[in-house]
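S.K.: Take this structure first; my questions come after.
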Amino acid sequence: MPATDYQGISAPLTSIGRSLLSLRRDQVQPMESPNDGSASPEVELDSFQRQVADRFLDLASVPSDELLSLPWVRKLLDVFLFCQDEFRRLLFNNKAQMIKPPMDRLIADFYERTVKALDVCNAIRDGIEQIRQWQKLLEIVLCALGDGNVNKNNTNNIGNHSSYQRTLGEGQFRRAKKALIDLAIGMLDDKDSGQALAHRNRSFGRNNNSSSHSKDHHHRSLGHFRSLSWSVSRSWSAARQLQAIGNNLAVPRGNELAATNGFAVPVYTMGCVVLFVMWALVAAIPCQDRGLQVHFNVPRQFPWAAPILSLHERIMDKSKKRDRKNACGLLREIYQMEKCSRLLGEVTDSVQFPLSEEKEGEVRQRVRELRQVCDAMKEGLEPLERQVREVFHRIVRSRTEGLDSLGRG
């Protein structure tokens, strides 16, 4: 997106063309400022729009190779939680306005929209568990071809046998090859993998007492692996769920702005934030029936529209690349895992025994690269899962508190 698309973002919201909030100001009389020193509703509305814009501008500022990385996805969820907290504060500071029609209907519609995001959170948690299963296969490869005494920081130590306590034999290569084949099959996109096994993980709202199922699954082949949460049916579709989240997400009309004193705008803003964040999670993490064809028809008058539309465009461009088109997830670390395991597989397929020193050095190098990917996964997956869990619980808690407070519980 050209840099000119961002021009005006740093200007005050009231000066951005014929913005929706400025339209609202033309239609209703300005509200009197409170005498208790607190910010007026008009100032709060502008501040909320600015804070959402600032957070997404920061997300959009990353280079291409960091977009949809584990750190970036975690940052995205931090932004979501921040926006939700600010939105909640805005509502509770203006309770009297929230219970009036049509605001009460808009709030109820928003909370219904967030409920649809809960299934996405469960599906993403299953996707994280699926990645962990792939990690276990990589650990088999590292155990077979690596060595616990390898100096991981010395990437130039190729072919130096004194750095390793053991040599590589045919049995170790057979074990590694089998794990790499299972991984390649397991990483096939659901649309391309023929048969699929239902792998059930607990949803965030349930306890997992299915020990017999876990034992049964442990003995299943990891090939044709597919994620399915207890909270969704076998026919559940992430693509359809995203469409449901985006249904009826319309820009507030002039009469709604007048009737709600402009508070319809932050409700619309948060609806767009929920839709984009859930869509980005589905883009990054493997889940059931992924689909990214969600259209974001957001007017650019909103200060947060340009960075969100830019991120949407960049993620879509990434999904259309030849080496990503059939990927099970666009997460950077998944791509690195697939690439490193494929390169290592090509090397192991070409080895002949007795193993030459040059070929062994090449294998060791590929193993080191794979280990780096595994370490990055181990470091980032658990915090990511905690954040997804927190998003789930925060949505539930905010909806309950909001409806109770507004007399709709």
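Ordered as shown in the structure tokens, chains take letters A, B, and onward, while each chain numbers its residues from 1 and ligands are numbered from 1 in the order shown.
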Give me the residues within 7 Å of segment 385-394 of chain A as a CSV table (one decimal) with all heavy atoms, in the first residue's frame, counting only C-alpha atoms and dropping any in the same chain fewer than 6 places off.

M.R.:
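The resulting file, part18.csv, is shown below:
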```
chain,number,residue,atom,x,y,z
A,77,LEU,N,-2.9,-10.2,19.7
A,77,LEU,CA,-3.8,-10.5,20.7
A,77,LEU,C,-3.7,-9.5,21.9
A,77,LEU,O,-4.7,-9.2,22.5
A,77,LEU,CB,-3.5,-12.0,21.2
A,77,LEU,CG,-3.8,-13.1,20.2
A,77,LEU,CD1,-3.6,-14.4,20.8
A,77,LEU,CD2,-5.2,-13.0,19.6
A,81,LEU,N,-6.9,-7.4,23.3
A,81,LEU,CA,-7.2,-7.3,24.7
A,81,LEU,C,-7.2,-5.8,25.2
A,81,LEU,O,-8.1,-5.4,25.9
A,81,LEU,CB,-6.3,-8.1,25.6
A,81,LEU,CG,-6.4,-9.6,25.4
A,81,LEU,CD1,-5.3,-10.3,26.1
A,81,LEU,CD2,-7.7,-10.1,25.8
A,118,LEU,N,-15.9,-17.3,19.9
A,118,LEU,CA,-15.4,-18.2,20.9
A,118,LEU,C,-15.0,-19.6,20.2
A,118,LEU,O,-14.0,-20.2,20.6
A,118,LEU,CB,-16.5,-18.5,22.0
A,118,LEU,CG,-16.8,-17.3,22.8
A,118,LEU,CD1,-17.9,-17.6,23.9
A,118,LEU,CD2,-15.6,-16.7,23.5
A,121,CYS,N,-11.7,-19.3,18.8
A,121,CYS,CA,-10.6,-19.4,19.8
A,121,CYS,C,-10.4,-20.9,20.1
A,121,CYS,O,-9.2,-21.4,20.2
A,121,CYS,CB,-11.0,-18.7,21.1
A,121,CYS,SG,-11.0,-16.9,21.0
A,125,ARG,N,-6.9,-23.0,19.4
A,125,ARG,CA,-6.2,-23.8,20.5
A,125,ARG,C,-5.9,-25.2,19.9
A,125,ARG,O,-4.9,-25.8,20.2
A,125,ARG,CB,-7.1,-23.9,21.7
A,125,ARG,CG,-6.4,-24.4,22.9
A,125,ARG,CD,-6.5,-25.9,23.0
A,125,ARG,NE,-5.8,-26.5,24.1
A,125,ARG,CZ,-5.6,-27.8,24.3
A,125,ARG,NH1,-6.1,-28.6,23.5
A,125,ARG,NH2,-4.9,-28.2,25.4
A,204,PHE,N,-12.1,-24.3,25.9
A,204,PHE,CA,-11.6,-23.5,27.1
A,204,PHE,C,-12.5,-23.5,28.2
A,204,PHE,O,-12.1,-23.3,29.4
A,204,PHE,CB,-11.3,-22.0,26.6
A,204,PHE,CG,-10.2,-21.9,25.7
A,204,PHE,CD1,-10.4,-21.5,24.4
A,204,PHE,CD2,-8.9,-22.2,26.1
A,204,PHE,CE1,-9.4,-21.3,23.5
A,204,PHE,CE2,-7.9,-22.0,25.2
A,204,PHE,CZ,-8.1,-21.6,23.9
```

S.K.: As a VMD selection string, please: the residues near Val277 of chain A (cut-off 12 Å, only C-alpha atoms, same-chain neighbours under 4 positions excluded).

M.R.: chain A and resid 56 59 68 72 to 81 83 to 84 114 117 120 to 121 124 242 245 to 246 270 to 273 281 to 284 308 311 to 312 388 391

S.K.: Please determine, counting only C-alpha atoms, which residue among A:Ala39, A:Leu70, A:Ala258, A:Leu381 has the shortest atom-to-atom distance to Leu330 of chain A.

M.R.: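 The shortest atom-to-atom distance to Leu330 of chain A comes from A:Leu70.
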
S.K.: Pick the closest to Glu346 of chain A from A:Lys321, A:Lys177, A:Arg234, A:Arg399: which is it, counting only C-alpha atoms?

M.R.: A:Lys177

S.K.: Measuring between only C-alpha atoms, which one of A:Glu129, A:Lys318, A:Ala250, A:Ser233 shows the shortest distance to Val298 of chain A?

M.R.: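 Residue with the minimum atom-to-atom distance to Val298 of chain A: A:Ala250.
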
S.K.: Give me, as an NGL selection string, the residues of segment 65-182 of chain A that a backbone DSSP run labels helix (DSSP H, G or I).

M.R.: :A and (65-66 or 70-92 or 95-98 or 103-145 or 161-163 or 170-182)

S.K.: Deliver the residues from the most recent selection as a file, using C-alpha atoms, as an mmCIF file, in the first residue's frame.

M.R.:
```
data_model
loop_
_atom_site.group_PDB
_atom_site.id
_atom_site.type_symbol
_atom_site.label_atom_id
_atom_site.label_comp_id
_atom_site.auth_asym_id
_atom_site.auth_seq_id
_atom_site.Cartn_x
_atom_site.Cartn_y
_atom_site.Cartn_z
ATOM 1 C CA ASP A 65 9.282 -11.438 7.302
ATOM 2 C CA GLU A 66 7.885 -10.643 10.771
ATOM 3 C CA LEU A 70 4.653 -15.975 16.665
ATOM 4 C CA PRO A 71 5.754 -12.681 18.269
ATOM 5 C CA TRP A 72 3.518 -10.724 15.896
ATOM 6 C CA VAL A 73 0.456 -12.894 16.556
ATOM 7 C CA ARG A 74 0.999 -12.524 20.292
ATOM 8 C CA LYS A 75 1.225 -8.763 19.820
ATOM 9 C CA LEU A 76 -2.010 -8.860 17.821
ATOM 10 C CA LEU A 77 -3.790 -10.541 20.731
ATOM 11 C CA ASP A 78 -2.354 -7.972 23.130
ATOM 12 C CA VAL A 79 -3.841 -5.264 20.906
ATOM 13 C CA PHE A 80 -7.203 -7.022 20.925
ATOM 14 C CA LEU A 81 -7.249 -7.266 24.714
ATOM 15 C CA PHE A 82 -6.265 -3.611 25.012
ATOM 16 C CA CYS A 83 -8.997 -2.470 22.613
ATOM 17 C CA GLN A 84 -11.566 -4.581 24.418
ATOM 18 C CA ASP A 85 -10.613 -3.091 27.783
ATOM 19 C CA GLU A 86 -10.860 0.444 26.397
ATOM 20 C CA PHE A 87 -14.210 -0.351 24.786
ATOM 21 C CA ARG A 88 -15.516 -1.784 28.043
ATOM 22 C CA ARG A 89 -14.396 1.331 29.896
ATOM 23 C CA LEU A 90 -16.111 3.537 27.337
ATOM 24 C CA LEU A 91 -19.390 1.684 27.758
ATOM 25 C CA PHE A 92 -19.328 1.697 31.537
ATOM 26 C CA LYS A 95 -24.159 3.553 30.973
ATOM 27 C CA ALA A 96 -27.124 5.882 30.624
ATOM 28 C CA GLN A 97 -26.584 6.101 26.880
ATOM 29 C CA MET A 98 -26.150 2.333 26.495
ATOM 30 C CA MET A 103 -27.897 1.613 21.356
ATOM 31 C CA ASP A 104 -29.188 -1.317 23.405
ATOM 32 C CA ARG A 105 -29.764 -3.281 20.207
ATOM 33 C CA LEU A 106 -26.317 -2.426 18.819
ATOM 34 C CA ILE A 107 -24.654 -3.563 22.046
ATOM 35 C CA ALA A 108 -26.624 -6.819 22.055
ATOM 36 C CA ASP A 109 -25.659 -7.449 18.417
ATOM 37 C CA PHE A 110 -21.998 -6.809 19.246
ATOM 38 C CA TYR A 111 -21.993 -9.290 22.119
ATOM 39 C CA GLU A 112 -23.649 -11.852 19.880
ATOM 40 C CA ARG A 113 -20.868 -11.284 17.379
ATOM 41 C CA THR A 114 -18.221 -11.896 20.042
ATOM 42 C CA VAL A 115 -19.877 -15.174 21.038
ATOM 43 C CA LYS A 116 -19.220 -16.427 17.506
ATOM 44 C CA ALA A 117 -15.531 -15.697 18.075
ATOM 45 C CA LEU A 118 -15.393 -18.249 20.912
ATOM 46 C CA ASP A 119 -15.506 -21.198 18.505
ATOM 47 C CA VAL A 120 -12.628 -19.657 16.584
ATOM 48 C CA CYS A 121 -10.615 -19.448 19.816
ATOM 49 C CA ASN A 122 -11.277 -23.139 20.468
ATOM 50 C CA ALA A 123 -10.301 -24.067 16.918
ATOM 51 C CA ILE A 124 -7.094 -22.037 17.212
ATOM 52 C CA ARG A 125 -6.231 -23.797 20.455
ATOM 53 C CA ASP A 126 -6.643 -27.100 18.604
ATOM 54 C CA GLY A 127 -4.367 -25.783 15.879
ATOM 55 C CA ILE A 128 -1.709 -24.983 18.455
ATOM 56 C CA GLU A 129 -2.006 -28.527 19.771
ATOM 57 C CA GLN A 130 -1.625 -29.802 16.226
ATOM 58 C CA ILE A 131 1.622 -27.865 15.871
ATOM 59 C CA ARG A 132 2.813 -29.505 19.082
ATOM 60 C CA GLN A 133 2.232 -32.913 17.519
ATOM 61 C CA TRP A 134 4.438 -31.845 14.618
ATOM 62 C CA GLN A 135 7.047 -30.738 17.137
ATOM 63 C CA LYS A 136 7.093 -34.234 18.619
ATOM 64 C CA LEU A 137 7.951 -35.627 15.205
ATOM 65 C CA LEU A 138 10.729 -33.089 14.829
ATOM 66 C CA GLU A 139 12.052 -34.081 18.233
ATOM 67 C CA ILE A 140 12.298 -37.652 16.960
ATOM 68 C CA VAL A 141 14.361 -36.367 14.039
ATOM 69 C CA LEU A 142 16.594 -34.305 16.316
ATOM 70 C CA CYS A 143 17.026 -37.233 18.688
ATOM 71 C CA ALA A 144 17.993 -39.517 15.797
ATOM 72 C CA LEU A 145 20.353 -37.193 13.947
ATOM 73 C CA HIS A 161 33.385 -34.746 14.382
ATOM 74 C CA SER A 162 35.031 -33.839 17.673
ATOM 75 C CA SER A 163 31.939 -31.765 18.493
ATOM 76 C CA GLU A 170 21.587 -46.341 8.956
ATOM 77 C CA GLY A 171 19.135 -47.030 11.791
ATOM 78 C CA GLN A 172 19.146 -43.407 12.871
ATOM 79 C CA PHE A 173 18.489 -42.263 9.318
ATOM 80 C CA ARG A 174 15.588 -44.716 8.934
ATOM 81 C CA ARG A 175 14.022 -43.391 12.130
ATOM 82 C CA ALA A 176 14.477 -39.789 11.041
ATOM 83 C CA LYS A 177 13.078 -40.458 7.574
ATOM 84 C CA LYS A 178 9.925 -42.055 8.974
ATOM 85 C CA ALA A 179 9.322 -39.059 11.246
ATOM 86 C CA LEU A 180 9.897 -36.640 8.365
ATOM 87 C CA ILE A 181 7.435 -38.531 6.164
ATOM 88 C CA ASP A 182 4.803 -38.501 8.933
#
```

S.K.: Nearest residue to Arg371 of chain A out of A:Glu256, A:Ala280, A:Glu44, A:Gly146, using only C-alpha atoms?

M.R.: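 Closest to Arg371 of chain A of all the choices is A:Gly146.
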
S.K.: Please indicate the distance in Å from atom CA of Glu313 of chain A to atom CA of Val251 of chain A, rounded to one decimal place.

M.R.: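 Straight-line distance from atom CA of Glu313 of chain A to atom CA of Val251 of chain A works out to 20.4 Å.
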
S.K.: Quick one, how far is atom CA of Gln49 of chain A from atom CA of Ala305 of chain A?

M.R.: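 Rounded to one decimal, the two atoms are 10.2 Å apart.
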
S.K.: Smallest atom-to-atom distance to Cys340 of chain A: which of A:Gly254, A:Gln301, A:Glu379, A:Ala184, using only C-alpha atoms?

M.R.: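 When distances to Cys340 of chain A are compared using only C-alpha atoms, the smallest one comes from A:Ala184.
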
S.K.: Restricting the calculation to only C-alpha atoms: of A:Lys378, A:Arg314, A:Arg366, A:Arg290, which residue gets closest to Asn326 of chain A?

M.R.: A:Arg290
